[in-house]
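For reference, protein-v4.txt is printed below; it contains compact mmCIF, C-alpha atoms.
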# COMPACT_ATOMS: atom_id res chain seq x y z
CA MET A 2 18.32 12.64 -15.73
CA THR A 3 21.13 10.12 -15.75
CA ALA A 4 20.29 6.74 -17.27
CA TYR A 5 21.75 4.27 -14.79
CA ILE A 6 23.11 0.97 -16.05
CA ALA A 7 21.52 -1.87 -14.10
CA THR A 8 20.32 -5.45 -14.27
CA VAL A 9 16.66 -6.18 -14.85
CA GLU A 10 16.52 -7.87 -11.42
CA GLU A 11 17.68 -4.68 -9.69
CA ALA A 12 15.05 -2.65 -11.55
CA VAL A 13 11.98 -4.86 -11.14
CA ASN A 14 12.69 -5.71 -7.50
CA GLY A 15 13.19 -2.09 -6.46
CA LYS A 16 10.55 -0.07 -4.64
CA PHE A 17 8.78 2.45 -6.85
CA ILE A 18 8.77 5.85 -5.13
CA LYS A 19 6.18 8.39 -6.29
CA LYS A 20 7.14 12.03 -5.90
CA THR A 21 5.08 15.20 -6.10
CA GLY A 22 5.58 18.43 -8.01
CA PHE A 23 8.54 18.61 -10.37
CA GLU A 24 10.46 15.77 -8.71
CA SER A 25 10.76 12.63 -10.79
CA ASN A 26 9.46 9.26 -9.64
CA TYR A 27 12.17 6.66 -9.21
CA ILE A 28 12.97 3.09 -8.29
CA LEU A 29 14.84 2.72 -5.02
CA THR A 30 16.92 -0.43 -5.42
CA LYS A 31 18.15 -2.72 -2.66
CA PHE A 32 21.60 -1.17 -3.20
CA GLY A 33 20.26 2.30 -2.44
CA ARG A 34 20.34 3.56 -6.02
CA LYS A 35 17.61 5.99 -7.10
CA ILE A 36 16.79 5.23 -10.73
CA SER A 37 14.39 7.34 -12.80
CA ARG A 38 15.96 6.39 -16.12
CA VAL A 39 17.71 3.11 -16.74
CA ARG A 40 19.84 1.32 -19.32
CA LEU A 41 19.23 -2.40 -19.58
CA MET A 42 20.83 -5.03 -21.78
CA GLY A 43 18.92 -8.16 -22.66
CA VAL A 44 17.40 -10.45 -25.25
CA ILE A 45 13.94 -9.72 -26.63
CA VAL A 46 11.83 -12.77 -25.81
CA ASP A 47 8.42 -11.43 -26.86
CA ILE A 48 6.93 -8.62 -28.95
CA TYR A 49 3.24 -7.73 -28.94
CA LYS A 50 1.41 -5.20 -31.12
CA SER A 51 -2.28 -4.38 -30.76
CA ALA A 52 -4.62 -4.83 -33.72
CA ASP A 53 -5.11 -1.06 -34.07
CA LEU A 54 -1.31 -0.53 -33.91
CA LYS A 55 -1.67 2.03 -31.13
CA TYR A 56 0.06 -0.04 -28.45
CA ALA A 57 3.06 -2.34 -28.41
CA ALA A 58 5.19 -4.05 -25.79
CA LEU A 59 8.36 -6.06 -25.80
CA THR A 60 9.68 -8.29 -23.05
CA LEU A 61 13.38 -8.10 -22.23
CA ASP A 62 15.29 -10.93 -20.50
CA ASP A 63 18.85 -10.47 -19.19
CA SER A 64 18.97 -13.83 -17.32
CA THR A 65 18.40 -12.11 -13.95
CA ASP A 66 14.71 -11.37 -14.64
CA THR A 67 12.34 -10.01 -17.27
CA ILE A 68 10.76 -6.59 -17.78
CA ARG A 69 8.34 -5.10 -20.30
CA ALA A 70 8.88 -1.94 -22.35
CA LYS A 71 5.66 -0.33 -23.56
CA VAL A 72 4.96 2.24 -26.26
CA PHE A 73 1.65 3.97 -26.93
CA VAL A 74 0.48 5.34 -30.31
CA ASN A 75 3.98 5.64 -31.87
CA ILE A 76 5.05 2.01 -32.11
CA THR A 77 7.41 2.39 -35.07
CA MET A 78 10.46 2.18 -32.80
CA PHE A 79 9.81 -1.58 -32.60
CA ASP A 80 9.63 -2.02 -36.38
CA ASN A 81 13.19 -3.27 -36.87
CA LEU A 82 13.24 -5.47 -33.79
CA LYS A 83 12.49 -9.18 -33.50
CA VAL A 84 12.47 -11.91 -30.89
CA GLY A 85 16.03 -13.05 -30.23
CA ASP A 86 17.66 -9.64 -30.74
CA LEU A 87 20.18 -8.60 -28.08
CA VAL A 88 19.53 -4.92 -27.33
CA ASP A 89 20.61 -2.01 -25.15
CA LEU A 90 17.44 -0.24 -24.02
CA THR A 91 17.28 3.17 -22.36
CA GLY A 92 13.99 4.25 -20.85
CA LYS A 93 12.03 5.85 -18.03
CA VAL A 94 10.75 3.63 -15.24
CA ARG A 95 7.03 3.49 -14.57
CA GLU A 96 4.68 1.42 -12.43
CA TYR A 97 1.11 0.28 -13.04
CA THR A 98 -0.83 -2.29 -10.96
CA GLU A 99 2.40 -3.15 -9.12
CA GLU A 100 4.27 -3.91 -12.37
CA ILE A 101 7.46 -1.94 -12.96
CA TYR A 102 7.90 -1.36 -16.69
CA LEU A 103 9.74 0.99 -19.06
CA ILE A 104 8.79 3.75 -21.46
CA PRO A 105 11.59 3.20 -24.01
CA GLU A 106 13.51 6.15 -25.40
CA ILE A 107 16.43 4.53 -27.20
CA ILE A 108 16.85 0.93 -28.36
CA ARG A 109 20.09 -0.22 -29.95
CA LYS A 110 21.04 -3.70 -31.08
CA PHE A 111 24.05 -5.16 -29.26
CA SER A 112 26.84 -7.44 -30.46
CA PRO A 113 28.18 -10.34 -28.33
CA ASN A 114 31.36 -8.32 -27.62
CA GLN A 115 29.30 -5.44 -26.24
CA GLU A 116 27.43 -7.92 -24.05
CA ILE A 117 30.69 -9.01 -22.41
CA LEU A 118 31.69 -5.39 -21.78
CA ARG A 119 28.30 -4.62 -20.23
CA MET A 120 28.55 -7.62 -17.91
CA LEU A 121 31.97 -6.41 -16.72
CA GLU A 122 30.58 -2.91 -16.25
CA LEU A 123 27.66 -4.23 -14.19
CA LYS A 124 30.07 -6.18 -11.99
CA ARG A 125 32.14 -3.03 -11.37
CA ILE A 126 29.01 -0.99 -10.54
CA HIS A 127 27.87 -3.67 -8.10
CA ILE A 128 31.27 -3.79 -6.36
CA ASP A 129 31.45 0.02 -6.13
CA GLN A 130 27.97 0.30 -4.61
CA ILE A 131 28.63 -2.47 -2.07
CA SER A 132 31.82 -0.61 -1.10
CA LYS A 133 29.84 2.62 -0.57
CA ILE A 134 27.31 0.79 1.61
CA LYS A 135 30.06 -0.71 3.78
CA LYS A 136 31.80 2.66 4.16
CA LEU A 137 28.56 4.42 5.09
CA ARG A 138 27.62 1.81 7.68
CA SER A 139 31.07 2.12 9.18
CA LEU A 140 30.63 5.90 9.40
CA GLN A 141 27.22 5.45 11.03
CA LYS A 142 28.95 3.72 13.94
CA GLN A 143 31.02 6.86 14.47
CA ILE A 144 28.36 9.54 14.05
CA SER A 145 24.55 9.61 14.27
CA ASP A 146 23.94 13.19 13.12
CA LEU A 147 22.75 13.03 9.50
CA THR A 148 24.29 16.35 8.42
CA GLU A 149 27.70 15.42 9.78
CA LEU A 150 27.34 11.93 8.34
CA LYS A 151 26.81 13.40 4.87
CA VAL A 152 29.88 15.62 5.25
CA LEU A 153 32.08 12.69 6.29
CA ALA A 154 30.61 10.50 3.55
CA ASP A 155 31.30 13.16 0.91
CA LYS A 156 34.93 13.24 1.96
CA GLY A 157 34.98 9.49 1.42
CA GLY A 158 33.59 9.79 -2.09
CA ILE A 159 29.96 9.04 -1.23
CA THR A 160 27.56 11.69 -2.56
CA GLU A 161 24.62 13.09 -0.59
CA ASP A 162 22.25 11.35 -3.03
CA ASP A 163 24.03 8.04 -2.35
CA VAL A 164 23.74 8.56 1.41
CA GLU A 165 20.02 9.30 1.23
CA GLY A 166 19.38 6.37 -1.10
CA ILE A 167 21.31 3.84 0.98
CA LEU A 168 19.71 4.98 4.25
CA GLU A 169 16.23 4.94 2.69
CA ALA A 170 16.81 1.45 1.26
CA ASP A 171 18.05 0.18 4.64
CA GLU A 172 14.92 1.54 6.32
CA ILE A 173 12.61 -0.08 3.75
CA ILE A 174 14.45 -3.41 4.02
CA GLN A 175 14.12 -3.31 7.82
CA ILE A 176 10.40 -2.45 7.65
CA ASP A 177 9.78 -5.21 5.07
CA ALA A 178 11.62 -7.72 7.26
CA GLU A 179 9.51 -6.75 10.28
CA VAL A 180 6.29 -7.04 8.25
CA LYS A 181 7.31 -10.47 6.94
CA THR A 182 8.17 -11.62 10.47
CA GLN A 183 4.77 -10.45 11.71
CA GLU A 184 2.98 -12.11 8.79
CA SER A 185 4.92 -15.34 9.35
CA SER A 186 3.95 -15.35 13.02
CA GLU A 187 0.27 -14.79 12.18
CA VAL A 188 0.33 -17.60 9.61
CA LYS A 189 1.93 -20.00 12.09
CA ASP A 190 -0.71 -19.15 14.71
CA LYS A 191 -3.48 -19.75 12.18
CA ILE A 192 -2.04 -23.09 11.04
CA LEU A 193 -1.51 -24.26 14.63
CA GLU A 194 -5.13 -23.41 15.47
CA LEU A 195 -6.32 -25.37 12.43
CA ILE A 196 -4.19 -28.37 13.42
CA GLU A 197 -5.79 -28.39 16.86
CA ASN A 198 -9.33 -28.02 15.45
CA LEU A 199 -8.90 -30.70 12.77
CA ASP A 200 -7.17 -33.23 14.99
CA GLU A 201 -9.60 -36.01 15.95
CA GLY A 202 -6.93 -38.04 17.68
CA THR A 203 -4.50 -39.10 14.99
CA GLY A 204 -3.50 -35.63 13.82
CA ALA A 205 -4.69 -33.17 11.19
CA GLU A 206 -4.54 -34.07 7.52
CA TYR A 207 -2.24 -31.79 5.52
CA GLN A 208 -4.72 -31.38 2.64
CA SER A 209 -7.47 -30.31 5.04
CA ILE A 210 -5.15 -27.75 6.65
CA LEU A 211 -4.28 -26.36 3.20
CA GLU A 212 -7.91 -26.13 2.05
CA GLN A 213 -9.29 -24.55 5.22
CA SER A 214 -6.44 -22.09 5.66
CA LYS A 215 -7.23 -20.45 2.28
CA LEU A 216 -3.52 -19.63 2.07
CA THR A 217 -1.02 -20.47 -0.65
CA GLU A 218 0.66 -23.86 -0.45
CA GLU A 219 4.02 -22.11 -0.09
CA LYS A 220 2.89 -20.24 3.04
CA VAL A 221 1.29 -23.34 4.58
CA ASP A 222 4.38 -25.48 3.89
CA SER A 223 6.67 -22.83 5.36
CA ALA A 224 4.55 -22.50 8.52
CA ILE A 225 4.31 -26.26 9.06
CA GLN A 226 8.05 -26.73 8.54
CA GLN A 227 8.72 -24.01 11.11
CA LEU A 228 6.32 -25.62 13.62
CA LEU A 229 8.06 -28.96 13.11
CA GLN A 230 11.53 -27.42 13.49
CA ASP A 231 10.47 -25.58 16.65
CA GLY A 232 9.23 -28.85 18.15
CA VAL A 233 5.68 -27.52 18.47
CA CYS A 234 4.30 -30.22 16.15
CA PHE A 235 5.33 -33.60 14.77
CA GLU A 236 4.27 -36.00 12.01
CA PRO A 237 2.74 -39.20 13.43
CA LYS A 238 2.63 -40.47 9.85
CA ALA A 239 3.01 -39.12 6.33
CA GLY A 240 0.51 -36.39 5.51
CA MET A 241 -0.62 -35.92 9.12
CA ILE A 242 0.43 -33.14 11.51
CA LYS A 243 -0.13 -33.23 15.26
CA LYS A 244 0.55 -30.75 18.02
CA LEU A 245 2.79 -31.96 20.83
Can the structure from this file be put into C-alpha cells for me?
Amino acid sequence: MTAYIATVEEAVNGKFIKKTGFESNYILTKFGRKISRVRLMGVIVDIYKSADLKYAALTLDDSTDTIRAKVFVNITMFDNLKVGDLVDLTGKVREYTEEIYLIPEIIRKFSPNQEILRMLELKRIHIDQISKIKKLRSLQKQISDLTELKVLADKGGITEDDVEGILEADEIIQIDAEVKTQESSEVKDKILELIENLDEGTGAEYQSILEQSKLTEEKVDSAIQQLLQDGVCFEPKAGMIKKL
C-alpha cells in the first residue's frame, strides 16, 4: 500500500472507513484521498511508556493538528526519540473510540532543510488534488453516467480511485452538512421553547437557558445568536433574551 504524504489535519479529520475481507481500512479525507498508510512530518511533543514497557505512544504535532502513534509490546522503536525531535513517520491508520491514530512502521529524524522540502511537497499535493476535484466537478456537469465519467476522467489524468474517493467525500460532506443543519434547527427550536417557558415578563435569563438546555455553551450561544439575527428574539437588557 502506498504511504501518502499528508498533513496531520487531513488525517485526523478524515472519515475512517472500515472494509471487510481482504480490503484495507482507510481514511477518506475531505479532498477525496483514500489513505491506509500515511507519511507525516512533525515535532514530537509527548512520549509515554507504560510501567511494564509493553505499550508506548508518542504525540506528533505538525502545526495543523496533533496525532498519536502507538506501539504495543515492541516499544524499542521509540528508544532513540525524545520530545522536540522533528521526525518523518510512516504508519498505518487505525481508529479506536473515535480517535484516529497510527501504528508506526518507520520513524526517521528530519533536518530543518527536509522540513522545508516537505512543506513545498504538501503544497503541491494540495494544489494537484484541488485541480482534480475541479476537473471532475466540471465533467459531472457534462455526464451523469458513472462509467462514462470515469473514462473521461481517466483521459484527463484522474484515476478511477481518485474519482471514487472524490465522489464519496462529496457525498459524506453533503450528508454531514444536512445532519448539522437538522441538528441546528432542533437546537434552535429547543432554545426558543425554553425562552418562552422561562420568560416571566422581562425575558429569559441566559444562565437559566444554558442550565436547563443541558447543551454545550457553544451550541446555546450559536442558537441564540441565530435567533437574534433572524429577528425572532431580542435582548431587552444584558443577559436576558426575549421572544418578539
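In this structure, CA of Leu195 in chain A sits 10.3 Å away from CA of Ile242 in chain A.
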Item to check | A:Ile128, A:Val13, A:Leu137, A:Leu61 ranked by distance to Glu100 in chain A, top pick (using all atoms listed in the file) | outcome: A:Val13
Item to check | Sel. within 12 Å of pt (14.4, -7.6, -32.9), counting all atoms listed in the file, output as a list in words | outcome: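 Those residues lying close to the given coordinates are Gly43, Val44, Ile45, Val46, Asp47, Ile48, Tyr49, Leu59, Thr60, Leu61, Met78, Phe79, Asp80, Asn81, Leu82, Lys83, Val84, Gly85, Asp86, Leu87, Val88, Asp89, Leu90, Ile108, Arg109, Lys110 and Phe111 of chain A.
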Item to check | Neighbour list for Ala7 in chain A as an MDAnalysis selection string, cut-off 12 Å, only C-alpha atoms, skip fewer than 3 positions in-chain | outcome: chainID A and resid 4 10:15 28 30:32 34:43 63 65:66 89:92 119:127 130
Item to check | Nearby residues (only C-alpha atoms) at most 12 Å from Arg138 in chain A, same-chain spacing under 4 positions excluded, as a list in words | outcome: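 Final neighbour list, sorted by chain and number: Ile131, Ser132, Lys133, Ile134, Lys142, Gln143, Ile144, Ser145, Leu150, Lys151, Leu153, Ala154, Ile159, Val164, Ile167, Leu168 and Asp171 of chain A.
Ranking A:Glu106, A:Glu187, A:Glu236, A:Asp162 by their shortest atom-to-atom distance to Gly204 in chain A, with all atoms listed in the file included, puts A:Glu236 first.
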Next on the checklist: For Ala57 in chain A, find every residue with an atom within 10 Å (counting all atoms listed in the file), except residues of its own chain fewer than 6 positions away, and show them as a PyMOL selection string.
Outcome noted: chain A and resi 48-51+70-79
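Distances here use only C-alpha atoms; by that measure, the residue among A:Tyr102, A:Leu54, A:Glu149, A:Gly157 closest to Lys135 in chain A is A:Gly157.
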Item to check | Nearby residues (all atoms listed in the file) at most 8 Å from range 199-203 of chain A, same-chain spacing under 6 positions excluded, as an MDAnalysis selection string | outcome: chainID A and resid 209:210 237 241 243
Next on the checklist: I'd like the interatomic distance between CA of Ile6 in chain A and CA of Arg95 in chain A, to a tenth of an Å.
Outcome noted: 16.3 Å
Next on the checklist: Taking 4 positions as the minimum chain separation for residues in the same chain, which residues sit within 8 Å of Ile225 in chain A when counting all atoms listed in the file? Answer as a PyMOL selection string.
Outcome noted: chain A and resi 189+192+221+229
Next on the checklist: Between CA of Val180 in chain A and CA of Ala224 in chain A, what is the distance in Å, rounded to a tenth?
Outcome noted: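 The value is 15.6 Å.
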Quick one: axis-aligned box around all listed atoms of range 9-21 of chain A, 3 Å on every side, centre and edge lengths in Å to one decimal, written as AutoDock Vina command-line options.
--center_x 11.4 --center_y 3.7 --center_z -9.7 --size_x 18.6 --size_y 29.1 --size_z 16.2
With the input short on atoms, add N, CA and C atoms back to range 116-146 of chain A and write it as a PDB file, keeping the file's coordinate frame.
ATOM      1  N   GLU A 116      28.067  -7.237 -25.178  1.00  0.00           N
ATOM      2  CA  GLU A 116      27.430  -7.920 -24.050  1.00  0.00           C
ATOM      3  C   GLU A 116      28.460  -8.226 -22.964  1.00  0.00           C
ATOM      4  N   ILE A 117      29.630  -8.690 -23.371  1.00  0.00           N
ATOM      5  CA  ILE A 117      30.690  -9.010 -22.410  1.00  0.00           C
ATOM      6  C   ILE A 117      31.134  -7.750 -21.673  1.00  0.00           C
ATOM      7  N   LEU A 118      31.293  -6.657 -22.405  1.00  0.00           N
ATOM      8  CA  LEU A 118      31.690  -5.390 -21.780  1.00  0.00           C
ATOM      9  C   LEU A 118      30.641  -4.910 -20.783  1.00  0.00           C
ATOM     10  N   ARG A 119      29.362  -5.053 -21.126  1.00  0.00           N
ATOM     11  CA  ARG A 119      28.300  -4.620 -20.230  1.00  0.00           C
ATOM     12  C   ARG A 119      28.300  -5.464 -18.948  1.00  0.00           C
ATOM     13  N   MET A 120      28.515  -6.750 -19.075  1.00  0.00           N
ATOM     14  CA  MET A 120      28.550  -7.620 -17.910  1.00  0.00           C
ATOM     15  C   MET A 120      29.684  -7.229 -16.957  1.00  0.00           C
ATOM     16  N   LEU A 121      30.839  -6.864 -17.526  1.00  0.00           N
ATOM     17  CA  LEU A 121      31.970  -6.410 -16.720  1.00  0.00           C
ATOM     18  C   LEU A 121      31.652  -5.076 -16.047  1.00  0.00           C
ATOM     19  N   GLU A 122      30.963  -4.214 -16.788  1.00  0.00           N
ATOM     20  CA  GLU A 122      30.580  -2.910 -16.250  1.00  0.00           C
ATOM     21  C   GLU A 122      29.592  -3.066 -15.096  1.00  0.00           C
ATOM     22  N   LEU A 123      28.633  -3.965 -15.256  1.00  0.00           N
ATOM     23  CA  LEU A 123      27.660  -4.230 -14.190  1.00  0.00           C
ATOM     24  C   LEU A 123      28.348  -4.770 -12.939  1.00  0.00           C
ATOM     25  N   LYS A 124      29.337  -5.624 -13.132  1.00  0.00           N
ATOM     26  CA  LYS A 124      30.070  -6.180 -11.990  1.00  0.00           C
ATOM     27  C   LYS A 124      30.805  -5.071 -11.242  1.00  0.00           C
ATOM     28  N   ARG A 125      31.419  -4.146 -11.996  1.00  0.00           N
ATOM     29  CA  ARG A 125      32.140  -3.030 -11.370  1.00  0.00           C
ATOM     30  C   ARG A 125      31.177  -2.126 -10.604  1.00  0.00           C
ATOM     31  N   ILE A 126      30.020  -1.833 -11.195  1.00  0.00           N
ATOM     32  CA  ILE A 126      29.010  -0.990 -10.540  1.00  0.00           C
ATOM     33  C   ILE A 126      28.562  -1.638  -9.235  1.00  0.00           C
ATOM     34  N   HIS A 127      28.318  -2.935  -9.288  1.00  0.00           N
ATOM     35  CA  HIS A 127      27.870  -3.670  -8.100  1.00  0.00           C
ATOM     36  C   HIS A 127      28.917  -3.593  -6.987  1.00  0.00           C
ATOM     37  N   ILE A 128      30.172  -3.831  -7.342  1.00  0.00           N
ATOM     38  CA  ILE A 128      31.270  -3.790  -6.360  1.00  0.00           C
ATOM     39  C   ILE A 128      31.402  -2.401  -5.755  1.00  0.00           C
ATOM     40  N   ASP A 129      31.330  -1.371  -6.601  1.00  0.00           N
ATOM     41  CA  ASP A 129      31.450   0.020  -6.130  1.00  0.00           C
ATOM     42  C   ASP A 129      30.323   0.376  -5.155  1.00  0.00           C
ATOM     43  N   GLN A 130      29.095  -0.052  -5.480  1.00  0.00           N
ATOM     44  CA  GLN A 130      27.970   0.300  -4.610  1.00  0.00           C
ATOM     45  C   GLN A 130      28.043  -0.446  -3.284  1.00  0.00           C
ATOM     46  N   ILE A 131      28.459  -1.699  -3.312  1.00  0.00           N
ATOM     47  CA  ILE A 131      28.630  -2.470  -2.070  1.00  0.00           C
ATOM     48  C   ILE A 131      29.699  -1.811  -1.196  1.00  0.00           C
ATOM     49  N   SER A 132      30.756  -1.299  -1.842  1.00  0.00           N
ATOM     50  CA  SER A 132      31.820  -0.610  -1.100  1.00  0.00           C
ATOM     51  C   SER A 132      31.284   0.652  -0.427  1.00  0.00           C
ATOM     52  N   LYS A 133      30.435   1.405  -1.142  1.00  0.00           N
ATOM     53  CA  LYS A 133      29.840   2.620  -0.570  1.00  0.00           C
ATOM     54  C   LYS A 133      28.961   2.268   0.638  1.00  0.00           C
ATOM     55  N   ILE A 134      28.188   1.208   0.511  1.00  0.00           N
ATOM     56  CA  ILE A 134      27.310   0.790   1.610  1.00  0.00           C
ATOM     57  C   ILE A 134      28.125   0.428   2.841  1.00  0.00           C
ATOM     58  N   LYS A 135      29.211  -0.308   2.648  1.00  0.00           N
ATOM     59  CA  LYS A 135      30.060  -0.710   3.780  1.00  0.00           C
ATOM     60  C   LYS A 135      30.704   0.500   4.438  1.00  0.00           C
ATOM     61  N   LYS A 136      31.178   1.452   3.617  1.00  0.00           N
ATOM     62  CA  LYS A 136      31.800   2.660   4.160  1.00  0.00           C
ATOM     63  C   LYS A 136      30.801   3.479   4.971  1.00  0.00           C
ATOM     64  N   LEU A 137      29.582   3.615   4.416  1.00  0.00           N
ATOM     65  CA  LEU A 137      28.560   4.420   5.090  1.00  0.00           C
ATOM     66  C   LEU A 137      28.162   3.783   6.415  1.00  0.00           C
ATOM     67  N   ARG A 138      28.000   2.485   6.435  1.00  0.00           N
ATOM     68  CA  ARG A 138      27.620   1.810   7.680  1.00  0.00           C
ATOM     69  C   ARG A 138      28.726   1.910   8.723  1.00  0.00           C
ATOM     70  N   SER A 139      29.959   1.937   8.264  1.00  0.00           N
ATOM     71  CA  SER A 139      31.070   2.120   9.180  1.00  0.00           C
ATOM     72  C   SER A 139      31.051   3.529   9.775  1.00  0.00           C
ATOM     73  N   LEU A 140      30.720   4.517   8.930  1.00  0.00           N
ATOM     74  CA  LEU A 140      30.630   5.900   9.400  1.00  0.00           C
ATOM     75  C   LEU A 140      29.475   6.079  10.368  1.00  0.00           C
ATOM     76  N   GLN A 141      28.393   5.358  10.143  1.00  0.00           N
ATOM     77  CA  GLN A 141      27.220   5.450  11.030  1.00  0.00           C
ATOM     78  C   GLN A 141      27.562   5.033  12.461  1.00  0.00           C
ATOM     79  N   LYS A 142      28.539   4.165  12.611  1.00  0.00           N
ATOM     80  CA  LYS A 142      28.950   3.720  13.940  1.00  0.00           C
ATOM     81  C   LYS A 142      29.712   4.828  14.680  1.00  0.00           C
ATOM     82  N   GLN A 143      30.244   5.777  13.882  1.00  0.00           N
ATOM     83  CA  GLN A 143      31.020   6.860  14.470  1.00  0.00           C
ATOM     84  C   GLN A 143      30.175   8.092  14.754  1.00  0.00           C
ATOM     85  N   ILE A 144      29.148   8.319  13.925  1.00  0.00           N
ATOM     86  CA  ILE A 144      28.360   9.540  14.050  1.00  0.00           C
ATOM     87  C   ILE A 144      26.894   9.255  13.715  1.00  0.00           C
ATOM     88  N   SER A 145      25.980   9.820  14.501  1.00  0.00           N
ATOM     89  CA  SER A 145      24.550   9.610  14.270  1.00  0.00           C
ATOM     90  C   SER A 145      23.872  10.813  13.634  1.00  0.00           C
ATOM     91  N   ASP A 146      24.516  11.975  13.714  1.00  0.00           N
ATOM     92  CA  ASP A 146      23.940  13.190  13.120  1.00  0.00           C
ATOM     93  C   ASP A 146      23.998  13.089  11.599  1.00  0.00           C
TER      94      ASP A 146
END
